[in-house]
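What's in final_21.cif: mmCIF, C-alpha atoms, pLDDT in the B column; chains and numbers go by the auth columns
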```cif
data_start
loop_
_atom_site.group_PDB
_atom_site.id
_atom_site.type_symbol
_atom_site.label_atom_id
_atom_site.label_comp_id
_atom_site.label_asym_id
_atom_site.label_seq_id
_atom_site.Cartn_x
_atom_site.Cartn_y
_atom_site.Cartn_z
_atom_site.B_iso_or_equiv
_atom_site.auth_seq_id
_atom_site.auth_asym_id
ATOM 1 C CA MET A 1 0.000 0.000 0.000 91.00 1 A
ATOM 2 C CA GLU A 2 1.546 3.259 -1.138 97.00 2 A
ATOM 3 C CA THR A 3 -1.206 5.764 -0.349 98.00 3 A
ATOM 4 C CA MET A 4 -3.144 5.562 2.899 98.00 4 A
ATOM 5 C CA LEU A 5 -6.103 7.621 4.044 98.00 5 A
ATOM 6 C CA VAL A 6 -6.261 8.433 7.765 98.00 6 A
ATOM 7 C CA MET A 7 -9.600 8.769 9.566 98.00 7 A
ATOM 8 C CA GLY A 8 -10.838 8.230 13.073 97.00 8 A
ATOM 9 C CA TYR A 9 -12.584 9.447 16.157 97.00 9 A
ATOM 10 C CA SER A 10 -12.337 13.089 17.124 95.00 10 A
ATOM 11 C CA ASN A 11 -11.043 13.982 20.556 94.00 11 A
ATOM 12 C CA PHE A 12 -14.639 14.965 21.408 94.00 12 A
ATOM 13 C CA ASP A 13 -15.907 11.511 20.368 94.00 13 A
ATOM 14 C CA LEU A 14 -13.395 10.048 22.813 95.00 14 A
ATOM 15 C CA GLY A 15 -14.004 12.514 25.636 94.00 15 A
ATOM 16 C CA ILE A 16 -10.377 13.686 25.480 96.00 16 A
ATOM 17 C CA PHE A 17 -9.991 17.406 26.109 92.00 17 A
ATOM 18 C CA ASP A 18 -6.385 17.557 27.271 93.00 18 A
ATOM 19 C CA ASP A 19 -3.416 16.593 25.090 91.00 19 A
ATOM 20 C CA LYS A 20 -1.682 15.286 28.232 94.00 20 A
ATOM 21 C CA ASP A 21 -4.413 12.699 28.869 95.00 21 A
ATOM 22 C CA ILE A 22 -2.885 9.199 29.297 94.00 22 A
ATOM 23 C CA LYS A 23 -5.275 7.979 26.582 96.00 23 A
ATOM 24 C CA VAL A 24 -3.442 10.183 24.052 97.00 24 A
ATOM 25 C CA THR A 25 -0.121 8.591 25.039 96.00 25 A
ATOM 26 C CA ILE A 26 -1.564 5.107 24.489 97.00 26 A
ATOM 27 C CA ILE A 27 -3.189 6.070 21.178 97.00 27 A
ATOM 28 C CA LYS A 28 0.057 7.639 19.928 97.00 28 A
ATOM 29 C CA LYS A 29 2.017 4.519 20.849 97.00 29 A
ATOM 30 C CA ALA A 30 -0.404 2.425 18.782 97.00 30 A
ATOM 31 C CA ILE A 31 -0.195 4.914 15.915 98.00 31 A
ATOM 32 C CA ARG A 32 3.599 4.916 15.898 98.00 32 A
ATOM 33 C CA GLU A 33 3.805 1.105 15.820 96.00 33 A
ATOM 34 C CA ARG A 34 1.369 0.892 12.904 97.00 34 A
ATOM 35 C CA LEU A 35 2.990 3.735 10.962 98.00 35 A
ATOM 36 C CA ILE A 36 6.434 2.157 11.183 98.00 36 A
ATOM 37 C CA SER A 37 4.995 -1.099 9.877 97.00 37 A
ATOM 38 C CA TYR A 38 3.241 0.670 6.971 97.00 38 A
ATOM 39 C CA ILE A 39 6.367 2.639 6.071 97.00 39 A
ATOM 40 C CA GLU A 40 8.564 -0.451 6.150 97.00 40 A
ATOM 41 C CA GLN A 41 6.061 -2.107 3.801 96.00 41 A
ATOM 42 C CA GLY A 42 6.367 0.722 1.253 97.00 42 A
ATOM 43 C CA LEU A 43 3.998 3.493 2.334 98.00 43 A
ATOM 44 C CA LYS A 44 4.760 6.684 0.378 98.00 44 A
ATOM 45 C CA TRP A 45 1.820 8.988 1.240 98.00 45 A
ATOM 46 C CA LEU A 46 -0.495 9.544 4.189 98.00 46 A
ATOM 47 C CA ILE A 47 -3.640 11.498 3.333 98.00 47 A
ATOM 48 C CA PHE A 48 -5.492 13.471 5.996 98.00 48 A
ATOM 49 C CA THR A 49 -8.802 15.327 5.960 98.00 49 A
ATOM 50 C CA GLY A 50 -7.729 17.824 8.620 98.00 50 A
ATOM 51 C CA ASN A 51 -9.724 16.708 11.636 97.00 51 A
ATOM 52 C CA MET A 52 -8.797 16.949 15.304 97.00 52 A
ATOM 53 C CA GLY A 53 -8.315 13.875 17.462 97.00 53 A
ATOM 54 C CA PHE A 54 -7.001 10.731 15.793 98.00 54 A
ATOM 55 C CA GLU A 55 -5.952 12.442 12.557 98.00 55 A
ATOM 56 C CA TYR A 56 -4.032 15.115 14.435 98.00 56 A
ATOM 57 C CA TRP A 57 -2.273 12.518 16.598 98.00 57 A
ATOM 58 C CA VAL A 58 -1.315 10.557 13.470 98.00 58 A
ATOM 59 C CA LEU A 59 -0.004 13.805 11.994 98.00 59 A
ATOM 60 C CA GLN A 60 2.174 14.415 15.055 98.00 60 A
ATOM 61 C CA GLU A 61 3.628 10.910 14.995 98.00 61 A
ATOM 62 C CA SER A 62 4.114 11.074 11.210 98.00 62 A
ATOM 63 C CA LYS A 63 6.085 14.298 11.421 97.00 63 A
ATOM 64 C CA SER A 64 8.287 12.727 14.062 97.00 64 A
ATOM 65 C CA LEU A 65 8.867 9.650 11.889 98.00 65 A
ATOM 66 C CA GLN A 66 9.749 11.773 8.851 96.00 66 A
ATOM 67 C CA GLU A 67 13.053 12.509 10.594 94.00 67 A
ATOM 68 C CA GLU A 68 14.134 8.913 9.952 96.00 68 A
ATOM 69 C CA TYR A 69 11.836 7.632 7.171 97.00 69 A
ATOM 70 C CA LYS A 70 11.011 8.920 3.704 96.00 70 A
ATOM 71 C CA PHE A 71 7.294 9.369 3.093 98.00 71 A
ATOM 72 C CA GLN A 72 5.041 12.323 2.411 98.00 72 A
ATOM 73 C CA LEU A 73 2.016 13.884 4.038 98.00 73 A
ATOM 74 C CA ALA A 74 -1.019 15.345 2.303 98.00 74 A
ATOM 75 C CA VAL A 75 -4.218 16.967 3.460 98.00 75 A
ATOM 76 C CA ILE A 76 -7.298 17.333 1.324 98.00 76 A
ATOM 77 C CA PHE A 77 -9.822 19.501 3.100 98.00 77 A
ATOM 78 C CA ASP A 78 -13.476 19.340 2.142 97.00 78 A
ATOM 79 C CA PHE A 79 -13.869 23.144 1.993 97.00 79 A
ATOM 80 C CA GLU A 80 -11.610 26.195 2.155 96.00 80 A
ATOM 81 C CA THR A 81 -13.664 27.200 5.194 95.00 81 A
ATOM 82 C CA HIS A 82 -12.710 23.994 7.064 96.00 82 A
ATOM 83 C CA GLY A 83 -12.133 24.802 10.728 95.00 83 A
ATOM 84 C CA GLN A 84 -12.676 28.541 10.408 94.00 84 A
ATOM 85 C CA ASN A 85 -14.856 28.636 13.540 95.00 85 A
ATOM 86 C CA TRP A 86 -12.525 26.539 15.697 96.00 86 A
ATOM 87 C CA ASN A 87 -11.005 27.938 18.885 95.00 87 A
ATOM 88 C CA GLU A 88 -7.461 29.314 18.979 95.00 88 A
ATOM 89 C CA SER A 89 -5.892 26.068 20.193 94.00 89 A
ATOM 90 C CA ASN A 90 -7.479 24.066 17.371 95.00 90 A
ATOM 91 C CA GLN A 91 -6.596 26.811 14.860 96.00 91 A
ATOM 92 C CA MET A 92 -2.939 26.247 15.771 96.00 92 A
ATOM 93 C CA LYS A 93 -3.336 22.525 15.176 97.00 93 A
ATOM 94 C CA LEU A 94 -5.139 23.205 11.900 97.00 94 A
ATOM 95 C CA SER A 95 -2.180 25.324 10.774 97.00 95 A
ATOM 96 C CA GLU A 96 0.015 22.219 11.098 98.00 96 A
ATOM 97 C CA PHE A 97 -2.191 20.457 8.556 98.00 97 A
ATOM 98 C CA LYS A 98 -1.865 23.465 6.257 97.00 98 A
ATOM 99 C CA ASN A 99 1.924 23.082 6.193 97.00 99 A
ATOM 100 C CA LEU A 100 2.233 19.580 4.754 98.00 100 A
ATOM 101 C CA ASP A 101 3.851 18.358 1.536 97.00 101 A
ATOM 102 C CA TYR A 102 0.553 18.612 -0.336 98.00 102 A
ATOM 103 C CA VAL A 103 -2.427 20.796 0.657 98.00 103 A
ATOM 104 C CA LYS A 104 -5.637 21.068 -1.377 98.00 104 A
ATOM 105 C CA TYR A 105 -9.278 21.963 -0.910 97.00 105 A
ATOM 106 C CA ALA A 106 -12.006 19.985 -2.651 97.00 106 A
ATOM 107 C CA PHE A 107 -14.401 22.935 -2.758 97.00 107 A
ATOM 108 C CA GLU A 108 -14.333 26.628 -2.047 96.00 108 A
ATOM 109 C CA SER A 109 -17.453 26.549 0.126 94.00 109 A
ATOM 110 C CA TYR A 110 -20.485 24.424 0.894 94.00 110 A
ATOM 111 C CA GLU A 111 -23.205 24.515 -1.757 95.00 111 A
ATOM 112 C CA ASN A 112 -25.003 21.181 -1.532 96.00 112 A
ATOM 113 C CA ALA A 113 -24.866 17.723 0.020 94.00 113 A
ATOM 114 C CA ASN A 114 -23.581 16.121 -3.204 97.00 114 A
ATOM 115 C CA GLN A 115 -20.230 17.763 -2.528 97.00 115 A
ATOM 116 C CA PHE A 116 -19.661 15.363 0.360 96.00 116 A
ATOM 117 C CA ARG A 117 -20.262 12.349 -1.883 95.00 117 A
ATOM 118 C CA THR A 118 -17.886 13.740 -4.512 97.00 118 A
ATOM 119 C CA TYR A 119 -15.277 14.485 -1.848 97.00 119 A
ATOM 120 C CA ASN A 120 -15.539 11.002 -0.320 97.00 120 A
ATOM 121 C CA ASP A 121 -15.383 9.393 -3.778 96.00 121 A
ATOM 122 C CA PHE A 122 -12.201 11.329 -4.497 97.00 122 A
ATOM 123 C CA LEU A 123 -10.586 10.234 -1.222 98.00 123 A
ATOM 124 C CA LEU A 124 -11.413 6.581 -1.859 97.00 124 A
ATOM 125 C CA ASP A 125 -10.359 6.690 -5.523 96.00 125 A
ATOM 126 C CA ASN A 126 -6.996 8.204 -4.623 96.00 126 A
ATOM 127 C CA SER A 127 -5.933 5.937 -1.785 97.00 127 A
ATOM 128 C CA ASP A 128 -5.003 2.254 -1.658 96.00 128 A
ATOM 129 C CA GLY A 129 -6.355 1.791 1.832 97.00 129 A
ATOM 130 C CA ALA A 130 -7.070 3.426 5.153 98.00 130 A
ATOM 131 C CA PHE A 131 -5.895 3.461 8.732 98.00 131 A
ATOM 132 C CA VAL A 132 -9.043 4.068 10.755 98.00 132 A
ATOM 133 C CA PHE A 133 -9.588 4.406 14.489 97.00 133 A
ATOM 134 C CA TYR A 134 -13.135 3.143 14.692 95.00 134 A
ATOM 135 C CA ASP A 135 -15.063 0.490 16.525 89.00 135 A
ATOM 136 C CA GLU A 136 -18.404 -0.605 15.077 86.00 136 A
ATOM 137 C CA GLU A 137 -19.788 -0.932 18.598 85.00 137 A
ATOM 138 C CA ASN A 138 -19.231 2.822 19.093 85.00 138 A
ATOM 139 C CA GLU A 139 -20.798 4.268 15.952 85.00 139 A
ATOM 140 C CA THR A 140 -20.253 7.798 14.737 90.00 140 A
ATOM 141 C CA LYS A 141 -20.458 9.505 11.358 89.00 141 A
ATOM 142 C CA LEU A 142 -17.420 7.388 10.412 93.00 142 A
ATOM 143 C CA LYS A 143 -19.778 4.470 9.820 93.00 143 A
ATOM 144 C CA TYR A 144 -20.665 5.834 6.373 94.00 144 A
ATOM 145 C CA MET A 145 -17.055 5.960 5.187 96.00 145 A
ATOM 146 C CA THR A 146 -16.004 2.658 6.739 96.00 146 A
ATOM 147 C CA THR A 147 -18.940 0.968 5.021 95.00 147 A
ATOM 148 C CA ARG A 148 -17.891 2.519 1.720 95.00 148 A
ATOM 149 C CA MET A 149 -14.293 1.398 2.278 96.00 149 A
ATOM 150 C CA LYS A 150 -15.387 -2.172 2.966 95.00 150 A
ATOM 151 C CA ASN A 151 -17.368 -2.172 -0.291 94.00 151 A
ATOM 152 C CA GLN A 152 -14.397 -1.119 -2.430 92.00 152 A
ATOM 153 C CA ASP A 153 -13.109 -3.896 -4.690 89.00 153 A
ATOM 154 C CA VAL A 154 -9.462 -3.663 -3.721 92.00 154 A
ATOM 155 C CA TYR A 155 -9.014 -1.557 -0.621 96.00 155 A
ATOM 156 C CA ILE A 156 -6.937 -2.326 2.456 95.00 156 A
ATOM 157 C CA LEU A 157 -8.689 -1.329 5.641 96.00 157 A
ATOM 158 C CA ASP A 158 -6.796 -1.416 8.923 96.00 158 A
ATOM 159 C CA PHE A 159 -8.759 -0.631 12.066 96.00 159 A
ATOM 160 C CA LEU A 160 -7.340 0.556 15.347 96.00 160 A
ATOM 161 C CA THR A 161 -9.819 -0.578 18.003 94.00 161 A
ATOM 162 C CA PHE A 162 -10.372 -0.027 21.696 94.00 162 A
ATOM 163 C CA GLU A 163 -9.246 -3.623 22.228 94.00 163 A
ATOM 164 C CA ASP A 164 -5.916 -2.795 20.548 95.00 164 A
ATOM 165 C CA LEU A 165 -5.494 0.153 22.910 96.00 165 A
ATOM 166 C CA GLN A 166 -6.326 -2.005 25.917 95.00 166 A
ATOM 167 C CA ASP A 167 -3.581 -4.445 24.862 95.00 167 A
ATOM 168 C CA ILE A 168 -1.058 -1.609 24.597 95.00 168 A
ATOM 169 C CA TYR A 169 -2.100 -0.254 27.976 95.00 169 A
ATOM 170 C CA GLU A 170 -1.630 -3.674 29.556 94.00 170 A
ATOM 171 C CA ASP A 171 1.795 -4.079 27.875 92.00 171 A
ATOM 172 C CA MET A 172 2.845 -0.666 29.210 89.00 172 A
ATOM 173 C CA ASN A 173 1.929 -1.730 32.733 87.00 173 A
ATOM 174 C CA ASN A 174 3.698 -5.111 32.729 82.00 174 A
#
```
Hey, can you dump this file as structure tokens for me?
Amino acid sequence: METMLVMGYSNFDLGIFDDKDIKVTIIKKAIRERLISYIEQGLKWLIFTGNMGFEYWVLQESKSLQEEYKFQLAVIFDFETHGQNWNESNQMKLSEFKNLDYVKYAFESYENANQFRTYNDFLLDNSDGAFVFYDEENETKLKYMTTRMKNQDVYILDFLTFEDLQDIYEDMNN
């Protein structure tokens, strides 16, 4: 897999409101382990959509790994207005997404619901697979995209689950 889409729970979905929360440490450890594996298997591009939470944590770990591995980072925002109403802290995080190797906007502004379908089609058509932090027992709006990913003919889908995080937590405490 050369091009991987990154999607997952927001920090709000997870009830994480402090970057120093132990849950973030555990999630980042899981992210780092998976990213190294993907890179060593030939990953060339990670594609983000610019969301807080899981995507931002993957971005942080990716930037750290770029010091020793060669791969590139892209963000494709849905709209140029993405995040414009976020608070100052999240605006700073958003600016990190805006400084990647490749930055594009699918649309200037919202006009109709079909834009989301077109945007999602583009993301799926331009990635070989996805790294997704999602658990079907804890549904969110991610259900739509994960269902679409599963229905792709040739698409590699790798889930990070709460069970995976529990295993990492237990390993850290043994």
| field | Nearby residues (only C-alpha atoms) at most 12 Å from Phe71 (chain A), same-chain spacing under 3 positions excluded, as a PyMOL selection string | value | chain A and resi 2-4+35-36+38-47+62-68+74+100-102
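Restricting the calculation to only C-alpha atoms, the smallest distance between Met52 (chain A) and any of A:Glu108, A:Asp158, A:Asp13, A:Asp167 is found for A:Asp13.
Running the PyMOL selection byres ((chain A and resi 129) around 9) on this file leaves A:Met1, A:Glu2, A:Thr3, A:Met4, A:Leu5, A:Val6, A:Leu124, A:Ser127, A:Asp128, A:Ala130, A:Phe131, A:Met149, A:Val154, A:Tyr155, A:Ile156, A:Leu157, A:Asp158 selected.
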| note | Shortest contact to Thr49 (chain A), candidates A:Phe12, A:Phe116, A:Phe133, A:Phe77, atoms counted all atoms listed in the file, goes to A:Phe77
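Of the listed residues A:Asn138, A:Asp171, A:Thr118, A:Asp153, the one whose atoms come nearest to Leu14 (chain A) is A:Asn138, with distances taken using all atoms listed in the file.
Counting from CA of Leu165 (chain A), the distance to CA of Ile27 (chain A) is 6.6 Å.
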